[in-house]
Amino acid sequence: MIRTSFIIWALMLVTWCAMRYPAMRRARRQKTRVDRRSTLDISLLVTCTFGLVVMPIVWRLGIFDGFADRAQGIVLAILGTLTGIAFLWLFRRSHKDLGKNWSVTLEVREGHQLVTGGVYAHVRHPMYASFLLWGITQALLIPNWIAGLAGLVAVMALYAVRQSREEAMMRDTFGAEYDAYCARTKRLIPGVF
Ligand code: SAH
């Protein structure tokens, strides 16, 4: 079950890369109007890569030598697969809905449009919500307390720092239109939070 869980996790990572790659290529061609990248922001992106990608691989290579391992059962593997499917679906949807307005760091593009449709009609941060689901998927599929939880902790830190900065940037750019959008949406879970 440990091997199967790891393979499911790895397949999800490969699928995520295949979905992200075309957006990265397209984003390189988009011109930036406002750049709010900071060293903290970049460091947190590196931390996320470490937590979500490097740690499970390091664990699988046996470098932990069994330290902090836990048992893995079929129920956790099935739950992990289901949350993983939800993660990939939400990630794909939010990328599609954001289209050319997406950027990996905090930026406003030339001709940037405020997206309020699709999944963005329900929550303001569906892509960050998908990353939190990725972290939960990893915790369920990687049976080690450290490598399993590393992704979720890193994504939570990224979200905590980014959310208010991103919303301030969007408010500066779109003013009352963004305020009205915030008044009718929640951040991560529709109608709740
Ligand atoms: N926080 C969003 C987007 C993440 S990508 C989510 O979790 O789905 C980050 C970039 O998306 C930001 O730099 C910002 O320029 C852009 N962005 C965020 N919300 C947006 C919106 N509603 N419409 C258009 N662009 C948006």
# chains A, B, ... in the order shown; residues from 1 in each chain; ligands from 1

call {"tool": "residues_near_ligand", "arguments": {"ligand": "ligand 1", "cutoff": "6 Å", "atoms": "only C-alpha atoms and all ligand atoms", "output": "list in words"}}
result
Ser94, Leu98, Asn101, Trp102, Ser103, Val104, Thr105, Leu106, Glu107, Val108, Gln113, Leu114, Val115, Thr116, His125, Pro126, Met127 and Tyr128 of chain A

call {"tool": "write_last_selection", "arguments": {"atoms": "N, CA, C and O atoms", "output": "tab-separated table (two decimals), in the first residue's frame"}}
result
chain	number	residue	atom	x	y	z
A	94	SER	N	-9.35	26.67	-12.14
A	94	SER	CA	-8.93	28.04	-11.81
A	94	SER	C	-7.93	28.57	-12.84
A	94	SER	O	-8.01	29.73	-13.22
A	98	LEU	N	-8.74	31.91	-14.95
A	98	LEU	CA	-7.84	33.08	-14.85
A	98	LEU	C	-7.21	33.42	-16.20
A	98	LEU	O	-6.95	34.59	-16.50
A	101	ASN	N	-4.51	36.21	-17.12
A	101	ASN	CA	-4.31	37.05	-15.93
A	101	ASN	C	-3.50	36.36	-14.84
A	101	ASN	O	-3.20	36.96	-13.81
A	102	TRP	N	-3.15	35.09	-15.08
A	102	TRP	CA	-2.40	34.34	-14.08
A	102	TRP	C	-0.92	34.76	-14.05
A	102	TRP	O	-0.33	35.11	-15.07
A	103	SER	N	-0.33	34.73	-12.86
A	103	SER	CA	1.13	34.89	-12.73
A	103	SER	C	1.57	34.10	-11.50
A	103	SER	O	0.80	33.97	-10.54
A	104	VAL	N	2.81	33.61	-11.55
A	104	VAL	CA	3.28	32.76	-10.45
A	104	VAL	C	3.55	33.60	-9.20
A	104	VAL	O	3.34	33.15	-8.07
A	105	THR	N	4.01	34.85	-9.40
A	105	THR	CA	4.22	35.76	-8.26
A	105	THR	C	3.19	36.88	-8.33
A	105	THR	O	2.36	36.88	-9.24
A	106	LEU	N	3.25	37.82	-7.41
A	106	LEU	CA	2.23	38.88	-7.39
A	106	LEU	C	2.50	39.93	-8.46
A	106	LEU	O	3.39	40.77	-8.31
A	107	GLU	N	1.72	39.90	-9.51
A	107	GLU	CA	1.89	40.84	-10.62
A	107	GLU	C	0.54	41.21	-11.20
A	107	GLU	O	-0.41	40.42	-11.15
A	108	VAL	N	0.48	42.43	-11.78
A	108	VAL	CA	-0.68	42.80	-12.60
A	108	VAL	C	-0.17	42.94	-14.02
A	108	VAL	O	0.86	43.58	-14.25
A	113	GLN	N	-7.55	41.82	-16.54
A	113	GLN	CA	-8.99	41.90	-16.28
A	113	GLN	C	-9.31	41.20	-14.99
A	113	GLN	O	-8.72	40.16	-14.68
A	114	LEU	N	-10.25	41.77	-14.24
A	114	LEU	CA	-10.70	41.12	-13.01
A	114	LEU	C	-11.63	39.97	-13.39
A	114	LEU	O	-12.66	40.19	-14.02
A	115	VAL	N	-11.25	38.76	-13.00
A	115	VAL	CA	-12.06	37.58	-13.30
A	115	VAL	C	-13.04	37.36	-12.15
A	115	VAL	O	-12.62	37.25	-10.99
A	116	THR	N	-14.30	37.31	-12.45
A	116	THR	CA	-15.31	37.10	-11.38
A	116	THR	C	-16.26	35.95	-11.76
A	116	THR	O	-17.25	35.72	-11.09
A	125	HIS	N	-9.92	32.72	-4.00
A	125	HIS	CA	-8.60	32.06	-4.12
A	125	HIS	C	-8.73	30.55	-4.42
A	125	HIS	O	-8.18	29.71	-3.68
A	126	PRO	N	-9.42	30.21	-5.52
A	126	PRO	CA	-9.58	28.77	-5.81
A	126	PRO	C	-8.26	28.05	-6.07
A	126	PRO	O	-8.11	26.87	-5.73
A	127	MET	N	-7.28	28.78	-6.67
A	127	MET	CA	-6.01	28.11	-6.96
A	127	MET	C	-5.26	27.82	-5.65
A	127	MET	O	-4.69	26.73	-5.48
A	128	TYR	N	-5.29	28.75	-4.71
A	128	TYR	CA	-4.66	28.49	-3.41
A	128	TYR	C	-5.43	27.38	-2.68
A	128	TYR	O	-4.83	26.54	-2.01

call {"tool": "select_by_dssp", "arguments": {"residues": "segment 19-189 of chain A", "states": "alpha helix (DSSP H)", "output": "NGL selection string"}}
result
:A and (19-29 or 39-49 or 55-60 or 74-98 or 126-141 or 145-174 or 176-183)

call {"tool": "closest_residue", "arguments": {"among": "A:Val123, A:Val34, A:Ile2, A:Val161", "to": "Pro56 of chain A", "atoms": "only C-alpha atoms"}}
result
A:Ile2

call {"tool": "closest_residue", "arguments": {"among": "A:Ala168, A:Met24, A:Leu44, A:Met156", "to": "Cys182 of chain A", "atoms": "only C-alpha atoms"}}
result
A:Ala168

call {"tool": "select_by_dssp", "arguments": {"residues": "segment 2-187 of chain A", "states": "strand (DSSP E)", "output": "number ranges by chain"}}
result
A: 32-35, 107-109

call {"tool": "write_last_selection", "arguments": {"atoms": "N, CA, C and O atoms", "output": "short mmCIF file (atom, residue, chain, number, x, y, z; two decimals), in the first residue's frame"}}
result
data_model
loop_
_atom_site.label_atom_id
_atom_site.label_comp_id
_atom_site.auth_asym_id
_atom_site.auth_seq_id
_atom_site.Cartn_x
_atom_site.Cartn_y
_atom_site.Cartn_z
N THR A 32 4.25 42.82 -17.83
CA THR A 32 3.83 43.12 -16.46
C THR A 32 3.65 44.63 -16.27
O THR A 32 4.48 45.41 -16.70
N ARG A 33 2.55 45.01 -15.61
CA ARG A 33 2.30 46.45 -15.35
C ARG A 33 2.69 46.80 -13.91
O ARG A 33 3.30 47.82 -13.66
N VAL A 34 2.30 45.95 -12.96
CA VAL A 34 2.64 46.17 -11.55
C VAL A 34 3.35 44.91 -11.06
O VAL A 34 2.88 43.81 -11.29
N ASP A 35 4.50 45.10 -10.40
CA ASP A 35 5.27 43.95 -9.92
C ASP A 35 5.40 44.04 -8.40
O ASP A 35 6.08 44.93 -7.90
N GLU A 107 1.72 39.90 -9.51
CA GLU A 107 1.89 40.84 -10.62
C GLU A 107 0.54 41.21 -11.20
O GLU A 107 -0.41 40.42 -11.15
N VAL A 108 0.48 42.43 -11.78
CA VAL A 108 -0.68 42.80 -12.60
C VAL A 108 -0.17 42.94 -14.02
O VAL A 108 0.86 43.58 -14.25
N ARG A 109 -0.87 42.32 -14.96
CA ARG A 109 -0.43 42.31 -16.37
C ARG A 109 -0.93 43.54 -17.13
O ARG A 109 -1.90 44.17 -16.72
#

call {"tool": "atom_distance", "arguments": {"atom1": "atom CA of Leu40 of chain A", "atom2": "atom CA of Val155 of chain A"}}
result
13.6 Å

call {"tool": "closest_atom_pairs", "arguments": {"of": "segment 55-79 of chain A", "to": "segment 4-8 of chain A", "cutoff": "9 Å", "atoms": "only C-alpha atoms", "output": "JSON lines"}}
result
{"residue": "A:Pro56", "atom": "CA", "partner": "A:Phe6", "partner_atom": "CA", "distance": 8.3}
{"residue": "A:Arg60", "atom": "CA", "partner": "A:Phe6", "partner_atom": "CA", "distance": 7.9}
{"residue": "A:Gln72", "atom": "CA", "partner": "A:Ser5", "partner_atom": "CA", "distance": 8.4}
{"residue": "A:Ile74", "atom": "CA", "partner": "A:Ser5", "partner_atom": "CA", "distance": 9.0}
{"residue": "A:Leu76", "atom": "CA", "partner": "A:Ser5", "partner_atom": "CA", "distance": 8.9}
{"residue": "A:Ala77", "atom": "CA", "partner": "A:Ser5", "partner_atom": "CA", "distance": 5.8}
{"residue": "A:Ile78", "atom": "CA", "partner": "A:Ser5", "partner_atom": "CA", "distance": 8.9}

call {"tool": "atom_distance", "arguments": {"atom1": "atom CA of Gln138 of chain A", "atom2": "atom CA of Gly151 of chain A"}}
result
7.0 Å

call {"tool": "closest_residue", "arguments": {"among": "A:Gly118, A:Tyr159, A:Trp9, A:Ile146", "to": "Leu90 of chain A", "atoms": "only C-alpha atoms"}}
result
A:Gly118

call {"tool": "residues_around", "arguments": {"residues": "segment 51-53 of chain A", "least_positions_apart": "6", "cutoff": "8 Å", "atoms": "only C-alpha atoms", "output": "ChimeraX atom specification"}}
result
/A:13,135,138,147,150-154

call {"tool": "write_last_selection", "arguments": {"atoms": "C-alpha atoms", "output": "compact mmCIF listing (two decimals), in the first residue's frame"}}
result
# COMPACT_ATOMS: atom_id res chain seq x y z
CA LEU A 13 2.59 15.52 -9.51
CA GLY A 135 -1.14 19.42 0.80
CA GLN A 138 0.15 14.47 0.28
CA ALA A 147 7.35 14.32 4.58
CA ALA A 150 5.62 19.29 4.79
CA GLY A 151 3.57 20.36 1.76
CA LEU A 152 0.52 21.45 3.75
CA VAL A 153 2.63 23.50 6.18
CA ALA A 154 4.47 25.22 3.29

call {"tool": "closest_residue", "arguments": {"among": "A:Leu188, A:Glu177, A:His95, A:Arg165", "to": "Met19 of chain A", "atoms": "only C-alpha atoms"}}
result
A:His95
